[in-house]
Amino acid sequence: MALPPPDPEFVLRGTSAAVHTLHFSCACQEPDFPILFSGSENGFVHVWNLKTRRVDTALDGHGRKSVYWVETMDAKDRLLSQGRDQRICLWDLAEGRTSVTDSVFTENVGFCRCSLLKVAQGRWLMAMAAKSLEEVQVLELPSKTSVCTLKPEVGAKLGMPMCLKLWQLDSGSQPWLLAGYEDGSVILWNLSMGKALSQLVCHQEPVMSLDFDSEKAKGISGSSEKVLSIWSLNEQQNLQVHKIHKLVNSGISDITIRSDKKILATAGWDHRIRIFGWKKMKPLAVLDYHTATVHCVSFSDHRNPTERLLAAGSKDHRISIWSIYTQT
């Protein structure tokens, strides 16, 4: 008999707005207590202390426009945040500082989250939706120099990029970009050539979120439909549909595969978080706590697996924190 789904370990309240993005930083002094960053609709980035379960710092750098992506650059004191003010801010949080040290003006009106990839010590690539609606721009950080602009072929009619995932097989190998588009397509881009290598129509509706497992060369995407699309990349760099997984309710806001590649979590418009085994898409748990759309899910990467957490942020202004290692 299946175990009843667990309750949250605890719930974080205090954002006073819908929570659109979450990111754990586990490289901290106390390994048991990672830091959690959240981005809210009211333009604030909150830095949560999971020991006290309270906000340590509230960062206000996006003119009260919704923040929908946060990510750290190695250390917990270098943070990137992206907002609907068309700005990406680089924060210096060392020694109690809360200053924006640099920013990139995207001129993009959409809500496509950026993607960040560390390619060498002190060097990152950042992919972002560009000013021209169908294009994706890739910058090198911290220099902000343009690496490439990825333009669909004339007449492709992909619509806007909706979600992005930079990846590489191993450090030092060439970086790739997977992009999900408004027309339901996922495209594999070769950054060094600046061209599309493969295109696959995964959904009938815009691709809302995707994640990719470079070890298994297998990815997953969700849309407003009642399906998850699982696809793979063959040795000729062609994308192929691997499996379609039907859902009970429609609408997926976010998908993330845990770093050990054993399980994944989805954030649902039906207020629920769903956990699946990544190998066979076996449903493992439905986490039913929130009272509105779940916008984002994020796993912590504690060194000790039993301490790893899952965080989910919702339109109901709350962040639920779950420990699912005991169940799976």
# chains A, B, ... in the order shown; residues from 1 in each chain; ligands from 1
$ residues_around --residues "range 241-258 of chain A" --least-positions-apart "2" --cutoff "7 Å" --atoms "only C-alpha atoms" --output "CSV table (one decimal) with C-alpha atoms, in the first residue's frame"
chain,number,residue,atom,x,y,z
A,208,MET,CA,6.5,26.5,-20.0
A,209,SER,CA,9.5,24.6,-18.5
A,210,LEU,CA,12.1,22.1,-19.4
A,211,ASP,CA,15.1,20.3,-17.7
A,222,GLY,CA,5.8,20.7,-19.6
A,223,SER,CA,3.2,23.1,-21.0
A,224,SER,CA,-0.4,24.2,-20.3
A,225,GLU,CA,-1.5,20.8,-21.5
A,226,LYS,CA,-2.2,17.6,-19.5
A,227,VAL,CA,1.1,16.0,-20.6
A,228,LEU,CA,4.8,15.8,-19.7
A,229,SER,CA,6.9,15.2,-22.8
A,230,ILE,CA,10.1,13.1,-22.3
A,231,TRP,CA,12.6,13.3,-25.1
A,232,SER,CA,16.1,12.2,-25.8
A,239,LEU,CA,16.0,15.2,-30.6
A,260,ASP,CA,21.5,12.9,-8.4
A,261,LYS,CA,19.2,12.2,-11.4
A,262,LYS,CA,17.0,9.9,-9.4
A,263,ILE,CA,13.8,11.9,-9.1
A,264,LEU,CA,12.2,15.1,-10.5
A,265,ALA,CA,9.6,17.5,-9.3
A,266,THR,CA,6.9,19.4,-11.2
A,267,ALA,CA,5.1,22.6,-10.1
A,268,GLY,CA,1.4,22.5,-11.1
A,269,TRP,CA,-1.3,24.9,-11.9
A,270,ASP,CA,-3.5,22.5,-9.9
A,295,HIS,CA,5.1,28.6,-9.7
A,296,CYS,CA,8.5,27.0,-8.9
A,297,VAL,CA,10.3,24.0,-7.4
A,298,SER,CA,13.9,23.7,-6.4
A,299,PHE,CA,16.1,21.0,-4.8
$ residues_around --residues "His317 in chain A" --least-positions-apart "4" --cutoff "8 Å" --atoms "only C-alpha atoms" --output "PyMOL selection string"
chain A and resi 13-19+313
$ write_last_selection --atoms "N, CA, C and O atoms" --output "short mmCIF file (atom, residue, chain, number, x, y, z; two decimals), in the first residue's frame"
data_model
loop_
_atom_site.label_atom_id
_atom_site.label_comp_id
_atom_site.auth_asym_id
_atom_site.auth_seq_id
_atom_site.Cartn_x
_atom_site.Cartn_y
_atom_site.Cartn_z
N ARG A 13 6.67 31.99 5.45
CA ARG A 13 5.71 33.05 5.13
C ARG A 13 6.40 34.40 5.31
O ARG A 13 7.28 34.52 6.14
N GLY A 14 5.96 35.38 4.58
CA GLY A 14 6.55 36.71 4.78
C GLY A 14 6.94 37.41 3.49
O GLY A 14 7.47 38.51 3.53
N THR A 15 6.68 36.78 2.33
CA THR A 15 7.01 37.46 1.07
C THR A 15 5.96 38.52 0.72
O THR A 15 6.25 39.44 -0.04
N SER A 16 4.73 38.38 1.25
CA SER A 16 3.61 39.28 0.96
C SER A 16 3.28 39.37 -0.53
O SER A 16 2.68 40.34 -0.98
N ALA A 17 3.69 38.36 -1.29
CA ALA A 17 3.42 38.34 -2.74
C ALA A 17 3.64 36.93 -3.27
O ALA A 17 4.27 36.10 -2.61
N ALA A 18 3.13 36.69 -4.47
CA ALA A 18 3.35 35.40 -5.13
C ALA A 18 4.84 35.15 -5.29
O ALA A 18 5.61 36.06 -5.59
N VAL A 19 5.25 33.89 -5.10
CA VAL A 19 6.67 33.50 -5.21
C VAL A 19 6.88 32.87 -6.58
O VAL A 19 6.24 31.87 -6.92
N GLY A 313 7.43 27.25 -4.41
CA GLY A 313 6.89 28.60 -4.22
C GLY A 313 5.58 28.75 -4.96
O GLY A 313 5.42 28.24 -6.07
#
$ closest_residue --among "A:Asp213, A:Asp77, A:Asp316, A:Glu134" --to "Leu166 in chain A" --atoms "only C-alpha atoms"
A:Asp213
$ select_by_dssp --residues "range 85-121 of chain A" --states "strand (DSSP E)" --output "NGL selection string"
:A and (87-92 or 99-105 or 115-120)
$ write_last_selection --atoms "N, CA and C atoms" --output "PDB file, in the first residue's frame"
ATOM      1  N   ARG A  87      15.614  43.895 -16.408  1.00  0.00           N
ATOM      2  CA  ARG A  87      16.984  43.997 -15.903  1.00  0.00           C
ATOM      3  C   ARG A  87      17.411  42.694 -15.236  1.00  0.00           C
ATOM      4  N   ILE A  88      18.686  42.345 -15.424  1.00  0.00           N
ATOM      5  CA  ILE A  88      19.313  41.264 -14.661  1.00  0.00           C
ATOM      6  C   ILE A  88      20.343  41.937 -13.766  1.00  0.00           C
ATOM      7  N   CYS A  89      20.216  41.739 -12.457  1.00  0.00           N
ATOM      8  CA  CYS A  89      21.106  42.402 -11.498  1.00  0.00           C
ATOM      9  C   CYS A  89      22.113  41.402 -10.929  1.00  0.00           C
ATOM     10  N   LEU A  90      23.351  41.852 -10.782  1.00  0.00           N
ATOM     11  CA  LEU A  90      24.378  41.081 -10.063  1.00  0.00           C
ATOM     12  C   LEU A  90      24.561  41.738  -8.698  1.00  0.00           C
ATOM     13  N   TRP A  91      24.314  40.952  -7.655  1.00  0.00           N
ATOM     14  CA  TRP A  91      24.360  41.456  -6.282  1.00  0.00           C
ATOM     15  C   TRP A  91      25.653  41.036  -5.594  1.00  0.00           C
ATOM     16  N   ASP A  92      26.194  41.932  -4.782  1.00  0.00           N
ATOM     17  CA  ASP A  92      27.298  41.609  -3.877  1.00  0.00           C
ATOM     18  C   ASP A  92      26.710  41.544  -2.474  1.00  0.00           C
ATOM     19  N   SER A  99      24.315  45.336  -2.286  1.00  0.00           N
ATOM     20  CA  SER A  99      24.438  46.287  -3.391  1.00  0.00           C
ATOM     21  C   SER A  99      24.433  45.589  -4.747  1.00  0.00           C
ATOM     22  N   VAL A 100      23.825  46.263  -5.732  1.00  0.00           N
ATOM     23  CA  VAL A 100      23.869  45.799  -7.125  1.00  0.00           C
ATOM     24  C   VAL A 100      25.169  46.325  -7.725  1.00  0.00           C
ATOM     25  N   THR A 101      26.069  45.410  -8.096  1.00  0.00           N
ATOM     26  CA  THR A 101      27.379  45.843  -8.610  1.00  0.00           C
ATOM     27  C   THR A 101      27.407  45.942 -10.131  1.00  0.00           C
ATOM     28  N   ASP A 102      26.450  45.282 -10.791  1.00  0.00           N
ATOM     29  CA  ASP A 102      26.409  45.322 -12.253  1.00  0.00           C
ATOM     30  C   ASP A 102      25.009  44.909 -12.685  1.00  0.00           C
ATOM     31  N   SER A 103      24.634  45.289 -13.906  1.00  0.00           N
ATOM     32  CA  SER A 103      23.341  44.839 -14.412  1.00  0.00           C
ATOM     33  C   SER A 103      23.367  44.755 -15.932  1.00  0.00           C
ATOM     34  N   VAL A 104      22.459  43.960 -16.459  1.00  0.00           N
ATOM     35  CA  VAL A 104      22.299  43.797 -17.903  1.00  0.00           C
ATOM     36  C   VAL A 104      20.860  44.188 -18.228  1.00  0.00           C
ATOM     37  N   PHE A 105      20.690  45.070 -19.205  1.00  0.00           N
ATOM     38  CA  PHE A 105      19.359  45.469 -19.652  1.00  0.00           C
ATOM     39  C   PHE A 105      18.980  44.568 -20.816  1.00  0.00           C
ATOM     40  N   SER A 115      19.333  31.257 -18.179  1.00  0.00           N
ATOM     41  CA  SER A 115      20.021  30.028 -17.784  1.00  0.00           C
ATOM     42  C   SER A 115      21.494  30.354 -17.620  1.00  0.00           C
ATOM     43  N   LEU A 116      22.104  29.805 -16.567  1.00  0.00           N
ATOM     44  CA  LEU A 116      23.504  30.095 -16.241  1.00  0.00           C
ATOM     45  C   LEU A 116      24.308  28.802 -16.254  1.00  0.00           C
ATOM     46  N   LEU A 117      25.508  28.859 -16.809  1.00  0.00           N
ATOM     47  CA  LEU A 117      26.389  27.679 -16.845  1.00  0.00           C
ATOM     48  C   LEU A 117      27.819  28.106 -16.564  1.00  0.00           C
ATOM     49  N   LYS A 118      28.446  27.460 -15.582  1.00  0.00           N
ATOM     50  CA  LYS A 118      29.855  27.737 -15.299  1.00  0.00           C
ATOM     51  C   LYS A 118      30.708  26.960 -16.298  1.00  0.00           C
ATOM     52  N   VAL A 119      31.555  27.674 -17.056  1.00  0.00           N
ATOM     53  CA  VAL A 119      32.356  27.000 -18.084  1.00  0.00           C
ATOM     54  C   VAL A 119      33.844  26.938 -17.712  1.00  0.00           C
ATOM     55  N   ALA A 120      34.273  27.754 -16.761  1.00  0.00           N
ATOM     56  CA  ALA A 120      35.660  27.729 -16.279  1.00  0.00           C
ATOM     57  C   ALA A 120      35.686  28.484 -14.952  1.00  0.00           C
TER      58      ALA A 120
END
